[in-house]
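S.K.: My file is final.pdb. It has PDB, C-alpha atoms, pLDDT in the B column:
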```pdb
ATOM      1  CA  MET A   1      24.921 -28.797-113.636  1.00 49.00           C
ATOM      2  CA  PRO A   2      24.427 -25.232-112.396  1.00 52.00           C
ATOM      3  CA  GLU A   3      27.079 -23.283-110.575  1.00 58.00           C
ATOM      4  CA  ALA A   4      26.691 -23.272-106.803  1.00 53.00           C
ATOM      5  CA  GLY A   5      26.169 -19.514-106.908  1.00 63.00           C
ATOM      6  CA  ASN A   6      23.155 -19.767-109.212  1.00 92.00           C
ATOM      7  CA  GLU A   7      20.520 -20.370-106.556  1.00 91.00           C
ATOM      8  CA  ALA A   8      17.563 -19.921-108.905  1.00 93.00           C
ATOM      9  CA  GLN A   9      18.869 -22.564-111.315  1.00 95.00           C
ATOM     10  CA  CYS A  10      19.634 -24.960-108.456  1.00 96.00           C
ATOM     11  CA  PHE A  11      16.126 -24.438-107.084  1.00 97.00           C
ATOM     12  CA  TYR A  12      14.581 -25.102-110.497  1.00 97.00           C
ATOM     13  CA  GLU A  13      16.640 -28.237-111.124  1.00 97.00           C
ATOM     14  CA  ASN A  14      15.818 -29.568-107.672  1.00 97.00           C
ATOM     15  CA  LEU A  15      12.105 -29.191-108.399  1.00 97.00           C
ATOM     16  CA  VAL A  16      12.568 -31.067-111.674  1.00 97.00           C
ATOM     17  CA  ASP A  17      14.600 -33.783-109.917  1.00 96.00           C
ATOM     18  CA  ILE A  18      11.763 -34.224-107.428  1.00 94.00           C
ATOM     19  CA  GLY A  19       9.571 -35.184-110.356  1.00 94.00           C
ATOM     20  CA  LEU A  20       7.054 -32.393-110.070  1.00 95.00           C
ATOM     21  CA  GLU A  21       4.871 -31.663-113.078  1.00 94.00           C
ATOM     22  CA  ALA A  22       5.952 -28.719-115.235  1.00 96.00           C
ATOM     23  CA  GLU A  23       2.995 -26.629-114.078  1.00 97.00           C
ATOM     24  CA  THR A  24       3.887 -27.182-110.413  1.00 97.00           C
ATOM     25  CA  VAL A  25       7.541 -26.368-111.074  1.00 97.00           C
ATOM     26  CA  SER A  26       6.520 -23.111-112.750  1.00 97.00           C
ATOM     27  CA  ARG A  27       4.229 -22.258-109.859  1.00 98.00           C
ATOM     28  CA  CYS A  28       6.994 -22.918-107.306  1.00 98.00           C
ATOM     29  CA  VAL A  29       9.477 -20.774-109.227  1.00 97.00           C
ATOM     30  CA  LEU A  30       6.966 -17.930-109.422  1.00 97.00           C
ATOM     31  CA  LEU A  31       6.096 -18.142-105.718  1.00 98.00           C
ATOM     32  CA  LYS A  32       9.795 -18.090-104.767  1.00 97.00           C
ATOM     33  CA  LYS A  33      10.495 -15.172-107.101  1.00 96.00           C
ATOM     34  CA  GLU A  34       7.596 -13.204-105.578  1.00 97.00           C
ATOM     35  CA  GLY A  35       8.721 -14.033-102.028  1.00 97.00           C
ATOM     36  CA  ARG A  36       5.495 -15.900-101.248  1.00 98.00           C
ATOM     37  CA  ASN A  37       7.294 -18.381 -99.039  1.00 98.00           C
ATOM     38  CA  ARG A  38       4.267 -19.502 -97.027  1.00 98.00           C
ATOM     39  CA  GLU A  39       2.430 -20.538-100.211  1.00 98.00           C
ATOM     40  CA  LEU A  40       5.580 -22.165-101.575  1.00 98.00           C
ATOM     41  CA  LEU A  41       6.058 -24.195 -98.412  1.00 98.00           C
ATOM     42  CA  LEU A  42       2.428 -25.313 -98.472  1.00 98.00           C
ATOM     43  CA  LEU A  43       2.701 -26.378-102.116  1.00 98.00           C
ATOM     44  CA  LEU A  44       5.907 -28.324-101.452  1.00 98.00           C
ATOM     45  CA  GLN A  45       4.458 -29.933 -98.325  1.00 98.00           C
ATOM     46  CA  ASN A  46       1.432 -31.059-100.329  1.00 97.00           C
ATOM     47  CA  SER A  47       3.739 -32.445-103.022  1.00 96.00           C
ATOM     48  CA  ARG A  48       5.666 -34.321-100.339  1.00 97.00           C
ATOM     49  CA  ARG A  49       2.447 -35.792 -98.955  1.00 97.00           C
ATOM     50  CA  ASP A  50       1.378 -36.920-102.428  1.00 95.00           C
ATOM     51  CA  LEU A  51       4.775 -38.504-103.097  1.00 94.00           C
ATOM     52  CA  LEU A  52       4.709 -40.328 -99.779  1.00 96.00           C
ATOM     53  CA  THR A  53       1.217 -41.655-100.541  1.00 97.00           C
ATOM     54  CA  ARG A  54       2.502 -43.033-103.859  1.00 95.00           C
ATOM     55  CA  ILE A  55       5.502 -44.588-102.110  1.00 96.00           C
ATOM     56  CA  HIS A  56       3.246 -46.321 -99.597  1.00 97.00           C
ATOM     57  CA  GLY A  57       1.092 -47.661-102.425  1.00 97.00           C
ATOM     58  CA  ASP A  58       4.167 -48.961-104.223  1.00 97.00           C
ATOM     59  CA  GLN A  59       5.421 -50.529-100.998  1.00 97.00           C
ATOM     60  CA  LYS A  60       2.115 -52.365-100.548  1.00 97.00           C
ATOM     61  CA  ARG A  61       2.329 -53.723-104.097  1.00 97.00           C
ATOM     62  CA  LEU A  62       5.940 -54.758-103.519  1.00 97.00           C
ATOM     63  CA  ASP A  63       4.969 -56.565-100.305  1.00 97.00           C
ATOM     64  CA  CYS A  64       2.226 -58.451-102.186  1.00 97.00           C
ATOM     65  CA  LEU A  65       4.685 -59.438-104.908  1.00 97.00           C
ATOM     66  CA  ASP A  66       7.241 -60.607-102.330  1.00 97.00           C
ATOM     67  CA  TYR A  67       4.545 -62.685-100.631  1.00 96.00           C
ATOM     68  CA  LEU A  68       3.596 -64.303-103.939  1.00 96.00           C
ATOM     69  CA  LEU A  69       7.221 -65.017-104.827  1.00 95.00           C
ATOM     70  CA  ASN A  70       7.820 -66.505-101.397  1.00 95.00           C
ATOM     71  CA  ARG A  71       4.767 -68.778-101.721  1.00 94.00           C
ATOM     72  CA  LEU A  72       5.888 -69.965-105.157  1.00 94.00           C
ATOM     73  CA  ASN A  73       9.441 -70.592-103.948  1.00 94.00           C
ATOM     74  CA  GLN A  74       8.124 -72.628-100.991  1.00 92.00           C
ATOM     75  CA  LYS A  75       6.241 -74.862-103.411  1.00 85.00           C
ATOM     76  CA  GLY A  76       9.376 -75.434-105.436  1.00 81.00           C
ATOM     77  CA  GLY A  77       8.256 -73.276-108.300  1.00 60.00           C
ATOM     78  CA  LYS A  78       5.481 -75.716-109.266  1.00 63.00           C
ATOM     79  CA  GLY A  79       2.836 -72.967-109.371  1.00 53.00           C
ATOM     80  CA  PRO A  80       0.037 -71.872-107.038  1.00 53.00           C
TER      81      PRO A  80
END
```
Hey, can you dump this file as structure tokens for me?
M.R.:
Amino acid sequence: MPEAGNEAQCFYENLVDIGLEAETVSRCVLLKKEGRNRELLLLLQNSRRDLLTRIHGDQKRLDCLDYLLNRLNQKGGKGP
């Protein structure tokens, strides 16, 4: 774990923890280092949007699975 004073290392590790691809992490680090904050914010906002889209897709699949499990439990586990 980085020291609290090492902002660059904390920033890097946070990007990795988010699950960004290595290329995106490198791009973010470069943009921050160059002070291109507007581009960095846009890149991170786009990454957030993509992550949220994946979460919504996973939630839909989870809802379908819960529905199926509920139907099977109502039938006493005898099958569809």
S.K.: Restricting the calculation to only C-alpha atoms: of A:Leu72, A:Cys64, A:Leu43, A:Arg36, which residue gets closest to Leu15 of chain A?
M.R.: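 Checking each of A:Leu72, A:Cys64, A:Leu43, A:Arg36 against Leu15 of chain A, counting only C-alpha atoms, the winner is A:Leu43.
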S.K.: Pick out the residues sitting within 12 Å of Leu44 of chain A, and hand them over as an mmCIF file with C-alpha atoms, in the coordinates of the input; count all atoms listed in the file, and ignore anything fewer than 4 positions along from it in its own chain.
M.R.:
```
data_model
loop_
_atom_site.group_PDB
_atom_site.id
_atom_site.type_symbol
_atom_site.label_atom_id
_atom_site.label_comp_id
_atom_site.auth_asym_id
_atom_site.auth_seq_id
_atom_site.Cartn_x
_atom_site.Cartn_y
_atom_site.Cartn_z
ATOM 1 C CA ASN A 14 15.818 -29.568 -107.672
ATOM 2 C CA LEU A 15 12.105 -29.191 -108.399
ATOM 3 C CA ILE A 18 11.763 -34.224 -107.428
ATOM 4 C CA GLY A 19 9.571 -35.184 -110.356
ATOM 5 C CA LEU A 20 7.054 -32.393 -110.070
ATOM 6 C CA THR A 24 3.887 -27.182 -110.413
ATOM 7 C CA VAL A 25 7.541 -26.368 -111.074
ATOM 8 C CA ARG A 27 4.229 -22.258 -109.859
ATOM 9 C CA CYS A 28 6.994 -22.918 -107.306
ATOM 10 C CA VAL A 29 9.477 -20.774 -109.227
ATOM 11 C CA LEU A 31 6.096 -18.142 -105.718
ATOM 12 C CA LYS A 32 9.795 -18.090 -104.767
ATOM 13 C CA ASN A 37 7.294 -18.381 -99.039
ATOM 14 C CA ARG A 38 4.267 -19.502 -97.027
ATOM 15 C CA GLU A 39 2.430 -20.538 -100.211
ATOM 16 C CA LEU A 40 5.580 -22.165 -101.575
ATOM 17 C CA ARG A 48 5.666 -34.321 -100.339
ATOM 18 C CA ARG A 49 2.447 -35.792 -98.955
ATOM 19 C CA ASP A 50 1.378 -36.920 -102.428
ATOM 20 C CA LEU A 51 4.775 -38.504 -103.097
#
```
S.K.: Quick one: pull the distance between atom CA of Thr53 of chain A and atom CA of Ala22 of chain A, Å, one decimal.
M.R.: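 So the answer is 20.1 Å.
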S.K.: Can you tell me how far atom CA of Lys33 of chain A sits from atom CA of Val16 of chain A, in Å to one decimal?
M.R.: 16.7 Å
S.K.: Distance atom CA of Asp17 of chain A-atom CA of Gly57 of chain A, one decimal place?
M.R.: 20.8 Å
